[in-house]
Amino acid sequence: MTSEVDFEVGIIGGGPAGSSMAAYLAKAGVSCVVFEREIFPRPHVGESLVPSSTRVFNELGFLEQMEEARFPHKFGAVWTAANDDRRMYDHDWEGLEPDCRADLRFEERMQEGITQIYTYHVDRGKFDNLLLHHAHALGAKVYEGISVQGVDFSDPVHAAIKFTMGDQQLSTKVRIVVDATGRRTLVGNQMKWRIKDSVFDQYAIHTWFEGYDRRAMAYRDGLSNYIFVHFLPITNSWIWQIPITEEVTSIGVVTQKKNFATKRESRERFFWDAVASRPELYSGLKAAQQLRAFKDEGDYSYAMRQIVGDRLVLIGDAARFVDPIFSTGVSIALNSSRFAHKDILQALESGNFGRDAFHDYESTIRRGTRNWYNFISVYYRLNVLFTAFINDKRYRLDVLKLLQGDVYDDDEPEVLTRMREIVTEVERNPRHVWHDALGDLTANAFVTAAQV
Ligand SMILES: Cc1cc2nc3c(=O)[nH]c(=O)nc-3n(C[C@H](O)[C@H](O)[C@H](O)COP(=O)(O)OP(=O)(O)OC[C@H]3O[C@@H](n4cnc5c(N)ncnc54)[C@H](O)[C@@H]3O)c2cc1C
């Protein structure tokens, strides 16, 4: 059967989505090729994983390499707010007690298919390179430094992936195309499926520091290797603090477009001003050495009208991007391969390459990203509610389940429904003790994309 085509499956993009897809398919004996535009290793944002990633590493036989690479173990997450913001957390309501800090350990809730009580923070240059090599070792053909220009779907028997090599225009025939091009969304753009998120217009500026003492923001022992999310006094803005090695820490400031200056120097000033609103963090970073130039990421949230089509599957960021507040991206990328490769194997067996062949993947990943999206929306709208739920025995494990990345089995988890009900109540009642704590993003505004 392979004779009519060069490969059964052609994957565009070799980030976590593309390389995990290639690894799953190669492991199942399917001939597949990955075209990656860059030469790895290359830097990339998105360095803190959630535990549902570990399930994929397990299935792909990749855990040993994660350990050998000595990526920092991530046991949990911490959220902190500035002292000035304390008064926002003073009001209890119906037994819910918000706090200006909260933390969670993954081991508090067991997860099916996962035996470790931690996941990882990663240097993406190194991690992506290892995973791509793993796919290659399992039998996938990998080409780096090849930028794909588009895909021709006009032939009924195959799709042709088009790229240039040197000054030659070439194409490769495949039965199924997987778009894993990340936020470039190559084929999604070609199809005109992309819908910009009109609510989340977040921007980020980030870099690495060496010698920052992570204990500066830890309020008790044992927290310094967690991810920290520091809320800022500016609405909808926060800072990530992610361990990269024992010595190196990634720091990023996320904010809305309106706060983000167009000039680079002003952006860097904004980074330091934001950090200065948390004095312990500021003095810790000023005493450390900045290792890389600042990098920014702009206006990144969007959805797709369709994520599958005839002979076509979009995975990872190419299928949707939701705000990174809960470190979701890599886990979604890996799990989209976990779900989609099953439909692809089935399609290759049955010979049905129509859109309906990829329906199970589409509905599962949409359910998961919709749950993430709703959770994120509630979080931005009323973040006192988030710490109150974490600190409440009734809800803690249900919130943890979401934060572990187990978001694919329920259409709307009960805990999310409850959160949304409370947000609606607070929105409607100007005298509610939490009314003044409402953020200015509207929780239910991006209905079109949230529902797709
Ligand atoms: C500010 C910010 C913070 C984030 N923080 C986190 C975090 O803490 N944790 C987390 O899990 N996620 C985080 N993310 C999200 C994370 O970066 C992504 O979700 C993740 O990288 C998605 O993987 P992917 O494989 O889909 O895409 P990518 O990792 O972007 O990989 C896509 C690959 O496709 C290649 N490519 C693109 N176009 C072409 C082409 N035409 N031809 C060939 N190759 C092509 C690219 O070179 C790239 O290597 C963050 C994102 C942002 C913006």
# chains A, B, ... in the order shown; residues from 1 in each chain; ligands from 1
$ residues_near_ligand --ligand "ligand 1" --cutoff "6 Å" --atoms "only C-alpha atoms and all ligand atoms" --output "ChimeraX atom specification"
/A:12-18,35-38,45-49,146-149,180-184,186,204,297,316-318,324,327-331,333
$ residues_around --residues "segment 56-70 of chain A" --least-positions-apart "3" --cutoff "12 Å" --atoms "only C-alpha atoms" --output "ChimeraX atom specification"
/A:16-17,19-28,49-53,73-74,112-116,118-124,126-135,137-138,244-246,330-339,405
$ select_by_dssp --residues "segment 34-155 of chain A" --states "alpha helix (DSSP H)" --output "VMD selection string"
chain A and resid 52 to 59 63 to 68 124 to 137
$ write_last_selection --atoms "N, CA and C atoms" --output "mmCIF file, in the first residue's frame"
data_model
loop_
_atom_site.group_PDB
_atom_site.id
_atom_site.type_symbol
_atom_site.label_atom_id
_atom_site.label_comp_id
_atom_site.auth_asym_id
_atom_site.auth_seq_id
_atom_site.Cartn_x
_atom_site.Cartn_y
_atom_site.Cartn_z
ATOM 1 N N SER A 52 -0.089 14.981 33.618
ATOM 2 C CA SER A 52 -0.652 14.143 32.550
ATOM 3 C C SER A 52 0.351 13.952 31.402
ATOM 4 N N SER A 53 1.430 14.731 31.395
ATOM 5 C CA SER A 53 2.500 14.513 30.406
ATOM 6 C C SER A 53 3.212 13.188 30.692
ATOM 7 N N THR A 54 3.335 12.869 31.981
ATOM 8 C CA THR A 54 4.093 11.684 32.386
ATOM 9 C C THR A 54 3.474 10.408 31.827
ATOM 10 N N ARG A 55 2.146 10.419 31.706
ATOM 11 C CA ARG A 55 1.436 9.252 31.137
ATOM 12 C C ARG A 55 1.951 8.977 29.715
ATOM 13 N N VAL A 56 2.152 10.037 28.963
ATOM 14 C CA VAL A 56 2.634 9.885 27.582
ATOM 15 C C VAL A 56 4.086 9.388 27.576
ATOM 16 N N PHE A 57 4.916 9.940 28.454
ATOM 17 C CA PHE A 57 6.316 9.480 28.522
ATOM 18 C C PHE A 57 6.359 7.985 28.835
ATOM 19 N N ASN A 58 5.475 7.575 29.736
ATOM 20 C CA ASN A 58 5.372 6.154 30.090
ATOM 21 C C ASN A 58 5.051 5.309 28.865
ATOM 22 N N GLU A 59 4.010 5.715 28.157
ATOM 23 C CA GLU A 59 3.555 4.925 26.997
ATOM 24 C C GLU A 59 4.620 4.881 25.900
ATOM 25 N N LEU A 63 10.462 7.706 29.809
ATOM 26 C CA LEU A 63 10.691 8.186 31.180
ATOM 27 C C LEU A 63 12.151 8.077 31.606
ATOM 28 N N GLU A 64 12.783 6.979 31.194
ATOM 29 C CA GLU A 64 14.176 6.778 31.590
ATOM 30 C C GLU A 64 15.046 7.945 31.094
ATOM 31 N N GLN A 65 14.773 8.360 29.855
ATOM 32 C CA GLN A 65 15.557 9.484 29.300
ATOM 33 C C GLN A 65 15.277 10.786 30.045
ATOM 34 N N MET A 66 14.027 10.953 30.495
ATOM 35 C CA MET A 66 13.705 12.165 31.268
ATOM 36 C C MET A 66 14.527 12.176 32.554
ATOM 37 N N GLU A 67 14.679 11.010 33.163
ATOM 38 C CA GLU A 67 15.453 10.927 34.408
ATOM 39 C C GLU A 67 16.943 11.140 34.123
ATOM 40 N N GLU A 68 17.424 10.481 33.062
ATOM 41 C CA GLU A 68 18.860 10.616 32.738
ATOM 42 C C GLU A 68 19.226 12.071 32.437
ATOM 43 N N ARG A 124 13.528 23.571 27.233
ATOM 44 C CA ARG A 124 12.842 23.087 26.040
ATOM 45 C C ARG A 124 13.797 22.761 24.902
ATOM 46 N N GLY A 125 14.935 23.456 24.847
ATOM 47 C CA GLY A 125 15.905 23.124 23.802
ATOM 48 C C GLY A 125 16.288 21.655 23.928
ATOM 49 N N LYS A 126 16.632 21.284 25.143
ATOM 50 C CA LYS A 126 17.114 19.933 25.408
ATOM 51 C C LYS A 126 15.965 18.899 25.329
ATOM 52 N N PHE A 127 14.835 19.226 25.928
ATOM 53 C CA PHE A 127 13.692 18.299 25.973
ATOM 54 C C PHE A 127 13.174 17.988 24.572
ATOM 55 N N ASP A 128 12.933 19.045 23.780
ATOM 56 C CA ASP A 128 12.371 18.832 22.440
ATOM 57 C C ASP A 128 13.337 18.016 21.583
ATOM 58 N N ASN A 129 14.633 18.284 21.755
ATOM 59 C CA ASN A 129 15.646 17.558 20.994
ATOM 60 C C ASN A 129 15.628 16.068 21.357
ATOM 61 N N LEU A 130 15.549 15.793 22.654
ATOM 62 C CA LEU A 130 15.537 14.392 23.102
ATOM 63 C C LEU A 130 14.312 13.645 22.573
ATOM 64 N N LEU A 131 13.159 14.315 22.635
ATOM 65 C CA LEU A 131 11.924 13.641 22.208
ATOM 66 C C LEU A 131 11.923 13.399 20.691
ATOM 67 N N LEU A 132 12.461 14.367 19.958
ATOM 68 C CA LEU A 132 12.527 14.187 18.502
ATOM 69 C C LEU A 132 13.485 13.033 18.164
ATOM 70 N N HIS A 133 14.606 12.970 18.873
ATOM 71 C CA HIS A 133 15.541 11.855 18.645
ATOM 72 C C HIS A 133 14.930 10.523 19.034
ATOM 73 N N HIS A 134 14.104 10.555 20.063
ATOM 74 C CA HIS A 134 13.438 9.319 20.493
ATOM 75 C C HIS A 134 12.510 8.811 19.373
ATOM 76 N N ALA A 135 11.769 9.750 18.771
ATOM 77 C CA ALA A 135 10.879 9.372 17.657
ATOM 78 C C ALA A 135 11.707 8.755 16.527
ATOM 79 N N HIS A 136 12.850 9.364 16.260
ATOM 80 C CA HIS A 136 13.733 8.860 15.206
ATOM 81 C C HIS A 136 14.239 7.453 15.559
ATOM 82 N N ALA A 137 14.636 7.279 16.817
ATOM 83 C CA ALA A 137 15.147 5.963 17.249
ATOM 84 C C ALA A 137 14.054 4.893 17.139
#
$ residues_around --residues "Asn189 of chain A" --least-positions-apart "6" --cutoff "10 Å" --atoms "only C-alpha atoms" --output "ChimeraX atom specification"
/A:150,195,304,318
$ write_last_selection --atoms "C-alpha atoms" --output "short mmCIF file (atom, residue, chain, number, x, y, z; two decimals), in the first residue's frame"
data_model
loop_
_atom_site.label_atom_id
_atom_site.label_comp_id
_atom_site.auth_asym_id
_atom_site.auth_seq_id
_atom_site.Cartn_x
_atom_site.Cartn_y
_atom_site.Cartn_z
CA GLY A 150 1.84 24.26 2.43
CA ILE A 195 -10.36 32.35 15.15
CA MET A 304 -9.82 26.71 15.24
CA ALA A 318 -1.71 24.09 15.93
#
$ closest_residue --among "A:Leu438, A:Met419, A:Ala82, A:Val384" --to "Asp99 of chain A" --atoms "only C-alpha atoms"
A:Val384
$ atom_distance --atom1 "atom CA of Gly211 of chain A" --atom2 "atom CA of Ile242 of chain A"
13.2 Å
$ select_by_dssp --residues "segment 197-393 of chain A" --states "strand (DSSP E)" --output "VMD selection string"
chain A and resid 202 to 210 227 to 231 238 to 243 248 to 256 289 to 290 295 to 297 302 to 304 308 to 309 312 to 314
$ write_last_selection --atoms "N, CA and C atoms" --output "short mmCIF file (atom, residue, chain, number, x, y, z; two decimals), in the first residue's frame"
data_model
loop_
_atom_site.label_atom_id
_atom_site.label_comp_id
_atom_site.auth_asym_id
_atom_site.auth_seq_id
_atom_site.Cartn_x
_atom_site.Cartn_y
_atom_site.Cartn_z
N GLN A 202 -3.30 38.27 25.91
CA GLN A 202 -2.14 38.31 26.79
C GLN A 202 -0.81 38.33 26.01
N TYR A 203 0.15 39.05 26.60
CA TYR A 203 1.51 39.10 26.08
C TYR A 203 2.45 38.64 27.19
N ALA A 204 3.63 38.16 26.80
CA ALA A 204 4.59 37.75 27.83
C ALA A 204 5.99 38.22 27.45
N ILE A 205 6.79 38.50 28.48
CA ILE A 205 8.21 38.79 28.26
C ILE A 205 8.98 37.94 29.27
N HIS A 206 10.04 37.25 28.79
CA HIS A 206 10.68 36.28 29.69
C HIS A 206 12.16 36.13 29.39
N THR A 207 12.87 35.58 30.38
CA THR A 207 14.30 35.32 30.23
C THR A 207 14.73 34.31 31.30
N TRP A 208 16.02 33.97 31.31
CA TRP A 208 16.57 33.07 32.33
C TRP A 208 17.54 33.82 33.23
N PHE A 209 17.58 33.46 34.51
CA PHE A 209 18.54 34.02 35.46
C PHE A 209 19.36 32.90 36.10
N GLU A 210 20.64 33.18 36.30
CA GLU A 210 21.48 32.23 37.02
C GLU A 210 21.80 32.78 38.41
N ILE A 227 6.72 25.12 40.68
CA ILE A 227 6.50 26.32 39.88
C ILE A 227 5.84 27.35 40.79
N PHE A 228 6.23 28.61 40.67
CA PHE A 228 5.55 29.69 41.39
C PHE A 228 4.83 30.57 40.38
N VAL A 229 3.59 30.90 40.73
CA VAL A 229 2.87 31.91 39.96
C VAL A 229 2.64 33.05 40.93
N HIS A 230 3.23 34.20 40.63
CA HIS A 230 3.09 35.37 41.50
C HIS A 230 2.07 36.31 40.88
N PHE A 231 0.95 36.51 41.58
CA PHE A 231 -0.04 37.47 41.08
C PHE A 231 0.55 38.88 41.22
N TRP A 238 0.66 38.38 35.85
CA TRP A 238 1.32 37.45 36.78
C TRP A 238 2.72 37.14 36.29
N ILE A 239 3.49 36.55 37.19
CA ILE A 239 4.88 36.20 36.87
C ILE A 239 5.06 34.70 37.06
N TRP A 240 5.75 34.05 36.12
CA TRP A 240 6.10 32.65 36.39
C TRP A 240 7.54 32.55 36.87
N GLN A 241 7.77 31.59 37.72
CA GLN A 241 9.11 31.29 38.23
C GLN A 241 9.28 29.77 38.09
N ILE A 242 10.14 29.38 37.14
CA ILE A 242 10.26 27.95 36.80
C ILE A 242 11.72 27.52 36.91
N PRO A 243 12.01 26.51 37.73
CA PRO A 243 13.39 26.01 37.81
C PRO A 243 13.79 25.34 36.49
N VAL A 248 19.67 27.66 37.43
CA VAL A 248 19.01 28.55 36.46
C VAL A 248 17.50 28.55 36.67
N THR A 249 16.91 29.76 36.60
CA THR A 249 15.46 29.91 36.80
C THR A 249 14.89 30.74 35.65
N SER A 250 13.78 30.27 35.11
CA SER A 250 13.10 31.02 34.06
C SER A 250 12.08 31.95 34.73
N ILE A 251 12.08 33.22 34.31
CA ILE A 251 11.14 34.20 34.86
C ILE A 251 10.42 34.86 33.68
N GLY A 252 9.09 34.89 33.76
CA GLY A 252 8.33 35.55 32.70
C GLY A 252 7.21 36.38 33.29
N VAL A 253 6.95 37.52 32.67
CA VAL A 253 5.83 38.37 33.09
C VAL A 253 4.76 38.29 32.02
N VAL A 254 3.54 38.00 32.44
CA VAL A 254 2.41 37.91 31.51
C VAL A 254 1.45 39.05 31.82
N THR A 255 0.99 39.72 30.79
CA THR A 255 0.08 40.85 31.02
C THR A 255 -0.82 41.05 29.79
N GLN A 256 -1.75 41.98 29.90
CA GLN A 256 -2.61 42.26 28.75
C GLN A 256 -1.92 43.21 27.78
N GLN A 289 22.27 36.73 37.79
CA GLN A 289 22.78 37.17 36.48
C GLN A 289 21.80 36.77 35.38
N GLN A 290 21.42 37.74 34.57
CA GLN A 290 20.52 37.43 33.46
C GLN A 290 21.30 36.69 32.38
N LYS A 295 12.85 37.79 25.69
CA LYS A 295 12.11 37.35 24.50
C LYS A 295 10.64 37.63 24.78
N ASP A 296 9.90 38.08 23.77
CA ASP A 296 8.48 38.25 24.06
C ASP A 296 7.60 37.40 23.15
N GLU A 297 6.41 37.14 23.65
CA GLU A 297 5.43 36.30 22.95
C GLU A 297 4.15 37.12 22.95
N TYR A 302 -6.06 31.61 20.67
CA TYR A 302 -6.94 31.44 19.52
C TYR A 302 -7.55 30.05 19.55
N ALA A 303 -8.56 29.86 18.72
CA ALA A 303 -9.13 28.51 18.54
C ALA A 303 -9.21 28.26 17.04
N MET A 304 -9.66 27.07 16.66
CA MET A 304 -9.82 26.71 15.24
C MET A 304 -11.27 26.29 15.00
N VAL A 308 -9.90 18.85 12.48
CA VAL A 308 -9.65 17.70 11.61
C VAL A 308 -10.38 17.93 10.30
N GLY A 309 -9.87 17.31 9.26
CA GLY A 309 -10.52 17.41 7.96
C GLY A 309 -10.20 16.14 7.19
N LEU A 312 -6.54 15.04 7.26
CA LEU A 312 -5.84 16.09 8.02
C LEU A 312 -6.20 16.10 9.50
N VAL A 313 -5.15 16.18 10.32
CA VAL A 313 -5.33 16.27 11.78
C VAL A 313 -4.42 17.39 12.31
N LEU A 314 -4.99 18.30 13.11
CA LEU A 314 -4.20 19.36 13.75
C LEU A 314 -3.98 18.96 15.20
#
$ atom_distance --atom1 "atom CA of His359 of chain A" --atom2 "atom CA of Tyr373 of chain A"
20.7 Å
$ closest_residue --among "A:Gly298, A:Gly166, A:Gly284, A:Gly76" --to "Gly222 of chain A" --atoms "only C-alpha atoms"
A:Gly76
$ closest_residue --among "A:Ala81, A:Ile234, A:Ala347, A:Ala287" --to "Asp360 of chain A" --atoms "only C-alpha atoms"
A:Ala347
$ atom_distance --atom1 "atom CA of Glu108 of chain A" --atom2 "atom CA of Leu400 of chain A"
8.2 Å
$ residues_around --residues "Glu412 of chain A" --least-positions-apart "6" --cutoff "10 Å" --atoms "only C-alpha atoms" --output "list in words"
Arg367, Gly368, Arg370, Asn371 and Asn374 of chain A
$ write_last_selection --atoms "N, CA and C atoms" --output "compact mmCIF listing (two decimals), in the first residue's frame"
# COMPACT_ATOMS: atom_id res chain seq x y z
N ARG A 367 -13.00 18.63 24.31
CA ARG A 367 -13.53 18.60 25.68
C ARG A 367 -12.45 19.08 26.66
N GLY A 368 -11.25 18.56 26.50
CA GLY A 368 -10.15 18.92 27.40
C GLY A 368 -9.79 20.39 27.32
N ARG A 370 -11.58 22.80 26.21
CA ARG A 370 -12.70 23.64 26.67
C ARG A 370 -12.70 23.72 28.20
N ASN A 371 -12.42 22.58 28.85
CA ASN A 371 -12.35 22.60 30.32
C ASN A 371 -11.22 23.49 30.80
N ASN A 374 -12.34 27.12 30.29
CA ASN A 374 -13.32 27.60 31.26
C ASN A 374 -12.67 27.84 32.63
